[in-house]
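Q: To be precise about what I am sending: the file is called query.cif and holds mmCIF, C-alpha atoms.
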```cif
data_model
loop_
_atom_site.group_PDB
_atom_site.id
_atom_site.type_symbol
_atom_site.label_atom_id
_atom_site.label_comp_id
_atom_site.auth_asym_id
_atom_site.auth_seq_id
_atom_site.Cartn_x
_atom_site.Cartn_y
_atom_site.Cartn_z
ATOM 1 C CA MET A 272 2.457 10.962 16.443
ATOM 2 C CA PHE A 273 -0.005 12.277 19.045
ATOM 3 C CA LYS A 274 2.972 13.429 21.160
ATOM 4 C CA LEU A 275 3.660 16.114 18.544
ATOM 5 C CA LEU A 276 0.260 17.570 19.402
ATOM 6 C CA GLU A 277 1.082 18.107 23.076
ATOM 7 C CA PRO A 278 0.235 21.660 24.269
ATOM 8 C CA ASN A 279 3.795 22.383 25.478
ATOM 9 C CA LYS A 280 5.218 21.580 22.048
ATOM 10 C CA ILE A 281 2.722 23.550 19.975
ATOM 11 C CA PHE A 282 2.339 26.637 22.180
ATOM 12 C CA SER A 283 5.535 28.179 20.817
ATOM 13 C CA VAL A 284 3.934 28.083 17.343
ATOM 14 C CA THR A 285 0.363 28.996 18.313
ATOM 15 C CA SER A 286 1.470 31.959 20.442
ATOM 16 C CA LYS A 287 3.317 33.622 17.550
ATOM 17 C CA ALA A 288 0.934 32.727 14.721
ATOM 18 C CA PRO A 289 -2.090 35.035 15.431
ATOM 19 C CA LYS A 290 -0.420 38.270 14.304
ATOM 20 C CA TYR A 291 0.500 36.753 10.921
ATOM 21 C CA VAL A 292 -2.945 35.182 10.502
ATOM 22 C CA LEU A 293 -4.599 38.520 11.396
ATOM 23 C CA PHE A 294 -2.518 40.339 8.760
ATOM 24 C CA LEU A 295 -3.319 37.715 6.103
ATOM 25 C CA PHE A 296 -7.013 37.792 7.053
ATOM 26 C CA ILE A 297 -7.208 41.586 6.607
ATOM 27 C CA VAL A 298 -5.531 41.381 3.179
ATOM 28 C CA VAL A 299 -7.723 38.505 1.914
ATOM 29 C CA LEU A 300 -10.905 40.069 3.356
ATOM 30 C CA SER A 301 -10.148 43.398 1.636
ATOM 31 C CA VAL A 302 -9.745 41.647 -1.725
ATOM 32 C CA GLY A 303 -12.864 39.566 -1.054
ATOM 33 C CA LEU A 304 -15.015 42.592 -0.137
ATOM 34 C CA THR A 305 -13.886 44.505 -3.238
ATOM 35 C CA GLU A 306 -14.722 41.517 -5.429
ATOM 36 C CA ALA A 307 -18.021 40.756 -3.691
ATOM 37 C CA LEU A 308 -19.414 44.307 -3.466
ATOM 38 C CA ILE A 309 -17.940 46.042 -6.518
ATOM 39 C CA LEU A 310 -16.346 43.824 -9.151
ATOM 40 C CA SER A 311 -18.585 40.750 -9.296
ATOM 41 C CA PRO A 312 -21.602 40.948 -11.664
ATOM 42 C CA GLU A 313 -25.224 41.078 -10.563
ATOM 43 C CA ASP A 314 -27.453 38.058 -11.156
ATOM 44 C CA TYR A 315 -29.926 38.127 -14.081
ATOM 45 C CA LYS A 316 -32.745 36.982 -11.773
ATOM 46 C CA GLN A 317 -31.824 38.143 -8.252
ATOM 47 C CA SER A 318 -29.999 41.315 -9.307
ATOM 48 C CA HIS A 319 -27.679 42.686 -6.561
ATOM 49 C CA ALA A 320 -29.338 40.576 -3.834
ATOM 50 C CA VAL A 321 -27.078 37.733 -5.005
ATOM 51 C CA ARG A 322 -24.142 39.481 -3.278
ATOM 52 C CA ILE A 323 -25.471 38.229 0.080
ATOM 53 C CA MET A 324 -24.267 34.813 -1.118
ATOM 54 C CA TYR A 325 -20.649 35.955 -0.545
ATOM 55 C CA VAL A 326 -21.173 36.069 3.227
ATOM 56 C CA HIS A 327 -24.009 33.553 3.625
ATOM 57 C CA VAL A 328 -22.492 30.570 1.806
ATOM 58 C CA PRO A 329 -18.923 30.722 3.278
ATOM 59 C CA ALA A 330 -20.397 31.110 6.785
ATOM 60 C CA ALA A 331 -22.606 28.031 6.243
ATOM 61 C CA TRP A 332 -19.730 25.954 4.824
ATOM 62 C CA ILE A 333 -17.399 26.847 7.679
ATOM 63 C CA THR A 334 -19.893 26.240 10.461
ATOM 64 C CA LEU A 335 -20.597 22.754 9.041
ATOM 65 C CA GLY A 336 -16.854 22.073 8.700
ATOM 66 C CA ILE A 337 -16.128 23.203 12.246
ATOM 67 C CA PHE A 338 -18.914 21.094 13.761
ATOM 68 C CA SER A 339 -17.665 18.028 11.852
ATOM 69 C CA SER A 340 -14.108 18.717 13.110
ATOM 70 C CA ILE A 341 -15.336 19.129 16.701
ATOM 71 C CA THR A 342 -17.140 15.777 16.485
ATOM 72 C CA PHE A 343 -14.116 14.035 14.953
ATOM 73 C CA LEU A 344 -11.779 15.449 17.637
ATOM 74 C CA SER A 345 -14.189 14.609 20.470
ATOM 75 C CA ILE A 346 -14.542 10.994 19.309
ATOM 76 C CA LEU A 347 -10.767 10.596 18.854
ATOM 77 C CA GLY A 348 -10.142 12.291 22.206
ATOM 78 C CA TYR A 349 -12.594 9.973 23.926
ATOM 79 C CA ILE A 350 -11.249 6.784 22.324
ATOM 80 C CA PHE A 351 -7.540 7.567 22.751
ATOM 81 C CA LYS A 352 -7.950 9.601 25.982
ATOM 82 C CA ILE A 353 -6.165 12.654 24.534
ATOM 83 C CA LYS A 354 -7.274 15.725 26.514
ATOM 84 C CA ASN A 355 -5.672 18.107 24.039
ATOM 85 C CA PHE A 356 -8.200 17.068 21.358
ATOM 86 C CA PHE A 357 -11.007 18.242 23.637
ATOM 87 C CA LEU A 358 -9.150 21.516 24.152
ATOM 88 C CA ILE A 359 -8.783 22.005 20.374
ATOM 89 C CA ALA A 360 -12.476 21.164 19.893
ATOM 90 C CA LYS A 361 -13.481 23.625 22.623
ATOM 91 C CA SER A 362 -11.367 26.365 20.997
ATOM 92 C CA LEU A 363 -13.023 25.788 17.613
ATOM 93 C CA ALA A 364 -16.592 26.027 18.926
ATOM 94 C CA PRO A 365 -16.996 29.835 19.411
ATOM 95 C CA SER A 366 -16.172 30.688 15.789
ATOM 96 C CA GLY A 367 -18.348 27.778 14.585
ATOM 97 C CA PHE A 368 -21.284 29.119 16.585
ATOM 98 C CA VAL A 369 -20.806 32.698 15.327
ATOM 99 C CA PHE A 370 -20.618 31.474 11.703
ATOM 100 C CA ASN A 371 -23.835 29.540 12.273
ATOM 101 C CA ILE A 372 -25.575 32.697 13.505
ATOM 102 C CA ILE A 373 -24.175 34.666 10.533
ATOM 103 C CA ALA A 374 -25.506 32.005 8.114
ATOM 104 C CA LEU A 375 -28.960 32.143 9.745
ATOM 105 C CA VAL A 376 -29.194 35.949 9.909
ATOM 106 C CA THR A 377 -27.833 36.634 6.407
ATOM 107 C CA GLY A 378 -30.052 33.825 5.063
ATOM 108 C CA SER A 379 -33.017 35.505 6.676
ATOM 109 C CA ILE A 380 -32.054 38.888 5.166
ATOM 110 C CA TRP A 381 -31.612 37.213 1.752
ATOM 111 C CA GLY A 382 -35.022 35.553 2.131
ATOM 112 C CA LYS A 383 -36.914 38.841 2.292
ATOM 113 C CA PRO A 384 -36.146 40.110 -1.263
ATOM 114 C CA THR A 385 -36.090 36.637 -2.873
ATOM 115 C CA TRP A 386 -38.906 34.714 -1.118
ATOM 116 C CA GLY A 387 -40.815 37.652 0.361
ATOM 117 C CA THR A 388 -40.357 36.479 3.952
ATOM 118 C CA TRP A 389 -37.702 36.785 6.666
ATOM 119 C CA TRP A 390 -38.250 33.259 7.956
ATOM 120 C CA ALA A 391 -39.849 29.986 6.906
ATOM 121 C CA TRP A 392 -39.872 26.656 8.750
ATOM 122 C CA ASP A 393 -38.187 25.135 5.752
ATOM 123 C CA ALA A 394 -36.099 21.930 6.123
ATOM 124 C CA ARG A 395 -32.723 23.606 5.393
ATOM 125 C CA ILE A 396 -33.318 26.639 7.615
ATOM 126 C CA THR A 397 -34.781 24.597 10.484
ATOM 127 C CA SER A 398 -31.913 22.087 10.404
ATOM 128 C CA MET A 399 -29.414 24.996 10.504
ATOM 129 C CA LEU A 400 -31.259 26.377 13.533
ATOM 130 C CA ILE A 401 -31.001 22.934 15.177
ATOM 131 C CA LEU A 402 -27.240 22.980 14.518
ATOM 132 C CA ALA A 403 -27.025 26.349 16.327
ATOM 133 C CA LEU A 404 -28.790 24.730 19.300
ATOM 134 C CA PHE A 405 -26.229 21.901 19.323
ATOM 135 C CA TYR A 406 -23.413 24.474 19.291
ATOM 136 C CA LEU A 407 -25.108 26.272 22.186
ATOM 137 C CA MET A 408 -25.488 23.028 24.169
ATOM 138 C CA TYR A 409 -21.827 22.180 23.513
ATOM 139 C CA LEU A 410 -20.608 25.611 24.691
ATOM 140 C CA LEU A 411 -22.907 25.555 27.737
ATOM 141 C CA ALA A 412 -21.691 22.058 28.711
ATOM 142 C CA TRP A 413 -18.138 23.456 29.005
ATOM 143 C CA ARG A 414 -19.457 26.136 31.377
ATOM 144 C CA ILE A 415 -21.711 23.875 33.449
ATOM 145 C CA TYR A 416 -19.691 20.689 34.083
ATOM 146 C CA GLU A 417 -16.667 20.822 36.402
ATOM 147 C CA ASN A 418 -15.848 17.104 36.435
ATOM 148 C CA LYS A 419 -13.588 16.499 33.418
ATOM 149 C CA GLU A 420 -14.589 12.850 32.807
ATOM 150 C CA GLN A 421 -18.260 13.789 32.874
ATOM 151 C CA LEU A 422 -17.595 16.849 30.683
ATOM 152 C CA TYR A 423 -15.750 14.846 28.004
ATOM 153 C CA LYS A 424 -18.551 12.270 27.938
ATOM 154 C CA ILE A 425 -21.343 14.883 27.709
ATOM 155 C CA THR A 426 -19.604 16.985 25.010
ATOM 156 C CA SER A 427 -18.876 13.839 22.967
ATOM 157 C CA ILE A 428 -22.535 12.771 23.189
ATOM 158 C CA ILE A 429 -23.687 16.269 22.121
ATOM 159 C CA THR A 430 -21.387 16.244 19.085
ATOM 160 C CA ILE A 431 -22.320 12.679 18.080
ATOM 161 C CA LEU A 432 -26.028 13.568 18.239
ATOM 162 C CA GLY A 433 -25.335 16.848 16.417
ATOM 163 C CA ILE A 434 -23.384 15.225 13.587
ATOM 164 C CA ILE A 435 -26.533 13.280 12.586
ATOM 165 C CA ASN A 436 -27.932 16.689 11.612
ATOM 166 C CA ILE A 437 -25.075 17.479 9.170
ATOM 167 C CA PRO A 438 -26.184 15.144 6.316
ATOM 168 C CA ILE A 439 -29.769 16.295 6.982
ATOM 169 C CA ILE A 440 -28.644 19.923 6.398
ATOM 170 C CA LYS A 441 -26.716 18.935 3.269
ATOM 171 C CA TYR A 442 -29.440 16.819 1.646
ATOM 172 C CA SER A 443 -32.532 18.592 3.025
ATOM 173 C CA VAL A 444 -32.912 20.512 -0.249
ATOM 174 C CA ASP A 445 -32.962 17.213 -2.198
ATOM 175 C CA TRP A 446 -35.058 15.140 0.207
ATOM 176 C CA TRP A 447 -37.825 17.695 0.795
ATOM 177 C CA ASN A 448 -39.596 20.340 -1.196
ATOM 178 C CA THR A 449 -37.981 23.486 0.195
ATOM 179 C CA LEU A 450 -37.922 27.215 -0.405
ATOM 180 C CA HIS A 451 -34.130 27.042 -0.200
ATOM 181 C CA GLN A 452 -32.468 26.449 -3.554
ATOM 182 C CA PRO A 453 -30.502 23.211 -4.167
ATOM 183 C CA ALA A 454 -26.680 23.256 -4.014
ATOM 184 C CA SER A 455 -25.131 25.221 -6.897
ATOM 185 C CA ILE A 456 -21.575 24.056 -6.219
ATOM 186 C CA ASN A 457 -20.802 20.362 -6.487
ATOM 187 C CA ILE A 458 -17.452 18.657 -6.147
ATOM 188 C CA LEU A 459 -18.479 15.600 -8.146
ATOM 189 C CA SER A 460 -20.742 17.181 -10.779
ATOM 190 C CA LYS A 461 -20.838 20.397 -12.792
ATOM 191 C CA THR A 462 -21.079 23.682 -10.856
ATOM 192 C CA SER A 463 -23.890 25.961 -12.002
ATOM 193 C CA ILE A 464 -22.233 29.242 -10.910
ATOM 194 C CA HIS A 465 -20.248 31.332 -13.372
ATOM 195 C CA SER A 466 -16.512 31.771 -12.631
ATOM 196 C CA SER A 467 -16.997 35.556 -12.207
ATOM 197 C CA MET A 468 -19.080 34.718 -9.114
ATOM 198 C CA LEU A 469 -17.117 31.653 -8.034
ATOM 199 C CA PHE A 470 -13.878 33.615 -7.627
ATOM 200 C CA PRO A 471 -15.207 36.129 -5.032
ATOM 201 C CA LEU A 472 -17.029 33.267 -3.304
ATOM 202 C CA PHE A 473 -13.780 31.351 -2.844
ATOM 203 C CA ILE A 474 -11.869 34.475 -1.759
ATOM 204 C CA MET A 475 -14.509 35.220 0.888
ATOM 205 C CA THR A 476 -14.418 31.561 1.992
ATOM 206 C CA ALA A 477 -10.635 31.839 2.392
ATOM 207 C CA ALA A 478 -11.071 35.041 4.447
ATOM 208 C CA PHE A 479 -13.676 33.384 6.695
ATOM 209 C CA ALA A 480 -11.451 30.315 7.135
ATOM 210 C CA LEU A 481 -8.551 32.585 8.149
ATOM 211 C CA PHE A 482 -10.798 34.343 10.656
ATOM 212 C CA SER A 483 -11.852 31.046 12.227
ATOM 213 C CA LEU A 484 -8.176 30.033 12.384
ATOM 214 C CA LEU A 485 -7.343 33.334 14.110
ATOM 215 C CA ILE A 486 -10.105 32.902 16.706
ATOM 216 C CA PHE A 487 -9.106 29.274 17.222
ATOM 217 C CA LEU A 488 -5.465 30.219 17.890
ATOM 218 C CA MET A 489 -6.402 33.019 20.312
ATOM 219 C CA LYS A 490 -8.890 30.805 22.161
ATOM 220 C CA TYR A 491 -6.493 27.847 22.288
ATOM 221 C CA ASN A 492 -3.709 30.017 23.721
ATOM 222 C CA THR A 493 -6.141 31.358 26.337
ATOM 223 C CA GLU A 494 -7.103 27.808 27.334
ATOM 224 C CA LEU A 495 -3.438 26.800 27.657
ATOM 225 C CA ILE A 496 -2.671 29.812 29.853
ATOM 226 C CA LYS A 497 -5.730 28.942 31.982
ATOM 227 C CA ILE A 498 -4.240 25.466 32.538
ATOM 228 C CA LYS A 499 -0.842 26.979 33.371
ATOM 229 C CA ASN A 500 -2.533 29.329 35.862
ATOM 230 C CA LYS A 501 -3.930 26.294 37.652
ATOM 231 C CA GLY A 502 -0.434 24.752 37.519
ATOM 232 C CA LEU A 503 1.086 27.825 39.226
ATOM 233 C CA ASP A 504 -1.517 27.516 41.994
ATOM 234 C CA ARG A 505 -0.234 24.008 42.707
ATOM 235 C CA LEU A 506 3.438 25.055 42.931
ATOM 236 C CA MET B 105 -20.614 55.026 -8.809
ATOM 237 C CA ILE B 106 -20.900 55.441 -5.003
ATOM 238 C CA ASN B 107 -24.697 55.747 -5.298
ATOM 239 C CA GLU B 108 -24.806 52.581 -7.383
ATOM 240 C CA ILE B 109 -22.759 50.652 -4.808
ATOM 241 C CA LEU B 110 -24.921 51.872 -1.927
ATOM 242 C CA PHE B 111 -28.327 51.644 -3.619
ATOM 243 C CA MET B 112 -27.816 48.458 -5.702
ATOM 244 C CA ASN B 113 -31.168 48.733 -7.551
ATOM 245 C CA GLY B 114 -33.018 48.833 -4.231
ATOM 246 C CA TYR B 115 -31.223 45.804 -2.761
ATOM 247 C CA GLY B 116 -28.531 47.862 -1.000
ATOM 248 C CA ILE B 117 -30.280 47.754 2.359
ATOM 249 C CA TYR B 118 -30.333 43.930 2.305
ATOM 250 C CA VAL B 119 -26.816 43.452 0.931
ATOM 251 C CA LEU B 120 -25.087 46.040 3.105
ATOM 252 C CA SER B 121 -26.922 44.999 6.285
ATOM 253 C CA SER B 122 -25.756 41.390 5.687
ATOM 254 C CA PHE B 123 -22.145 42.481 5.259
ATOM 255 C CA ILE B 124 -22.284 44.904 8.218
ATOM 256 C CA PHE B 125 -23.833 42.227 10.465
ATOM 257 C CA THR B 126 -21.069 39.782 9.447
ATOM 258 C CA LEU B 127 -18.261 42.285 10.082
ATOM 259 C CA LEU B 128 -19.756 43.356 13.427
ATOM 260 C CA SER B 129 -20.008 39.692 14.483
ATOM 261 C CA PHE B 130 -16.327 39.240 13.557
ATOM 262 C CA LEU B 131 -15.299 42.314 15.545
ATOM 263 C CA SER B 132 -17.340 41.312 18.602
ATOM 264 C CA LEU B 133 -15.968 37.756 18.643
ATOM 265 C CA TYR B 134 -12.401 39.003 18.137
ATOM 266 C CA PHE B 135 -12.618 41.464 21.044
ATOM 267 C CA VAL B 136 -14.358 39.021 23.390
ATOM 268 C CA VAL B 137 -11.659 36.386 22.781
ATOM 269 C CA LYS B 138 -8.882 38.981 23.030
ATOM 270 C CA VAL B 139 -10.200 40.280 26.372
ATOM 271 C CA GLN B 140 -10.322 36.682 27.695
ATOM 272 C CA TYR B 141 -6.718 36.138 26.553
ATOM 273 C CA VAL B 142 -5.411 39.356 28.123
ATOM 274 C CA ARG B 143 -7.264 38.624 31.382
ATOM 275 C CA GLU B 144 -5.765 35.116 31.681
ATOM 276 C CA ARG B 145 -2.305 36.342 30.733
ATOM 277 C CA ASN B 146 -2.401 39.144 33.304
ATOM 278 C CA LYS B 147 -3.551 36.639 35.928
ATOM 279 C CA PHE B 148 -0.601 34.418 34.973
ATOM 280 C CA ILE B 149 1.901 37.289 35.244
ATOM 281 C CA ALA B 150 0.489 38.347 38.621
ATOM 282 C CA LYS B 151 0.679 34.781 39.965
ATOM 283 C CA PHE B 152 4.188 34.376 38.576
ATOM 284 C CA GLY B 153 5.281 37.596 40.281
ATOM 285 C CA ASN B 154 4.053 36.283 43.636
ATOM 286 C CA LEU B 155 6.066 33.042 43.424
ATOM 287 C CA LYS B 156 9.075 32.574 45.721
ATOM 288 C CA SER B 157 12.419 32.700 43.892
ATOM 289 C CA GLU B 158 13.106 28.935 43.733
ATOM 290 C CA ARG B 159 9.534 28.169 42.636
ATOM 291 C CA ALA B 160 9.729 30.967 40.053
ATOM 292 C CA ALA B 161 13.004 29.499 38.743
ATOM 293 C CA PHE B 162 11.365 26.066 38.481
ATOM 294 C CA ALA B 163 8.297 27.512 36.762
ATOM 295 C CA LYS B 164 10.493 29.484 34.367
ATOM 296 C CA SER B 165 12.345 26.307 33.381
ATOM 297 C CA GLN B 166 9.177 25.180 31.571
ATOM 298 C CA ILE B 167 9.255 26.356 27.956
ATOM 299 C CA ILE B 168 5.545 27.189 27.795
ATOM 300 C CA ASN B 169 5.759 29.514 30.841
ATOM 301 C CA LYS B 170 8.702 31.334 29.277
ATOM 302 C CA GLU B 171 6.696 31.735 26.064
ATOM 303 C CA ILE B 172 3.687 33.182 27.917
ATOM 304 C CA LEU B 173 5.903 35.695 29.707
ATOM 305 C CA SER B 174 7.807 36.687 26.574
ATOM 306 C CA ASN B 175 4.804 37.166 24.241
ATOM 307 C CA SER B 176 3.432 40.336 25.774
ATOM 308 C CA SER B 177 1.482 41.418 22.700
ATOM 309 C CA ASN B 178 1.262 38.742 20.066
ATOM 310 C CA PHE B 179 -1.956 40.019 18.451
#
```
Could you rewrite the structure in this file as structure tokens?

A:
Amino acid sequence: MFKLLEPNKIFSVTSKAPKYVLFLFIVVLSVGLTEALILSPEDYKQSHAVRIMYVHVPAAWITLGIFSSITFLSILGYIFKIKNFFLIAKSLAPSGFVFNIIALVTGSIWGKPTWGTWWAWDARITSMLILALFYLMYLLAWRIYENKEQLYKITSIITILGIINIPIIKYSVDWWNTLHQPASINILSKTSIHSSMLFPLFIMTAAFALFSLLIFLMKYNTELIKIKNKGLDRL
Amino acid sequence: MINEILFMNGYGIYVLSSFIFTLLSFLSLYFVVKVQYVRERNKFIAKFGNLKSERAAFAKSQIINKEILSNSSNF
């Protein structure tokens, strides 16, 4: 099964896919922005400030998802010695990091009108900042280490340590008394957001997911060409 | 209508700055990654052009190399 994931086999797909993903992203983002900024209702308590949710929440969801995927791929890559998994993980990291920064910055902007402050050392916000540091360490490790064996070991350790932070981020609002509100959307229990707000939220999440897919494909293709460049040097 | 969208009961500055920051982050990341891709691809084409004919023929027999050379502007 892992043979199907070999770079040579998937490059023909990944090299053609970005233009279609870019087109789809622009369409979905346009619908999402119209819904989020114009059509969706204002909140009875937060008024129009609630619209920040449509960029803040999808960015937070996606950065958590990407870090979990990076960890999963790094562990699998290390156990089964599949270099391509490390390459996929490396290609996912830049968009994960940018989404983390977006979640922090938009959260900070949202904090000012709702809490009266740009920043608080609250459990949720601090744990998100720690996640950004793990992303930074992961990206820097790829720049610093030349020896592949050492690099794979270090990046796997960073992701394993970082993944401990993911449940802390998720449950921080339940475990501690925080300024940040508890989760409004639950898979297992009833969601407390009205459908008129849920729809734009899901559209924006789809747009953000498409953007991370686009960046992943572009980055992955770049990494493959880098490897092929080294291959041409050896010819 | 336009005033309402921009002003948003005084929250416009917060809402629009969040959206603008997000879109600018997207644009920056997209262009950084695109520049990296174009740079590597150009390096590949230059190296390929410098190969001797038999080595170039061997290199071209690999599907992935053919794909890189054929996809001049895929995004």

Q: To one decimal in Å, tell me the separation between atom CA of Thr342 of chain A and atom CA of Thr430 of chain A.

A: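 Calculated distance between atom CA of Thr342 of chain A and atom CA of Thr430 of chain A is 5.0 Å.
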
Q: Can you measure atom CA of Ile486 of chain A to atom CA of Ile297 of chain A for me? One decimal in Å is fine.

A: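 Separation between atom CA of Ile486 of chain A and atom CA of Ile297 of chain A: 13.6 Å.
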
Q: Given the file shown, enumerate the residues that the PyMOL selection byres ((chain A and resi 317-327) around 10) captures and present them as a PyMOL selection string.

A: (chain A and resi 303-304+306-309+311-316+328-332+370-371+373-385+468-469+471-476+479) or (chain B and resi 109+111-123+125-127)

Q: List the spatial neighbours of Val139 of chain B as a ChimeraX atom specification - criterion: any atom at most 12 Å away, all atoms listed in the file, same-chain residues fewer than 5 positions off excluded.

A: /A:489-490,493 /B:132-134,144-146,179

Q: Pick the closest to Ile337 of chain A from A:Trp447, A:Trp392, A:Phe368, A:Phe482: which is it, counting only C-alpha atoms?

A: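 The answer is A:Phe368, which sits nearest to Ile337 of chain A.
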
Q: Which of these, A:Phe357, A:Lys352, A:Arg414, A:Gly367, has the shortest distance to chain B once you count all atoms listed in the file?

A: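 Comparing A:Phe357, A:Lys352, A:Arg414, A:Gly367 against chain B, the winner is A:Gly367.
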
Q: Have a look at atom CA of Leu295 of chain A and atom CA of Ala403 of chain A and let me know their distance in Å, one decimal.

A: 28.2 Å

Q: From the options B:Phe135, B:Tyr141, B:Met105, B:Leu110, which residue's atoms come nearest to chain A, counting only C-alpha atoms?

A: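 For chain A, the nearest of the given residues is B:Tyr141.
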
Q: Here's the selection I'm unsure about, the PyMOL selection byres ((chain A and resi 292) around 8); applied to the file above, which residues does it give, as a list of chain:residue names?

A: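 The output of the PyMOL selection byres ((chain A and resi 292) around 8) on this file is A:Ala288, A:Pro289, A:Lys290, A:Tyr291, A:Leu293, A:Phe294, A:Leu295, A:Phe296, A:Leu481, A:Phe482, A:Leu484, A:Leu485.
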
Q: How big is the axis-aligned box, and where does its centre sit, when it encloses all atoms of segment 402-410 of chain A listed in the file and has 5 Å added on every side, reported in Å to one decimal as lines of an AutoDock Vina configuration file?

A:
```
center_x = -24.7
center_y = 24.1
center_z = 19.6
size_x = 18.2
size_y = 14.4
size_z = 20.2
```
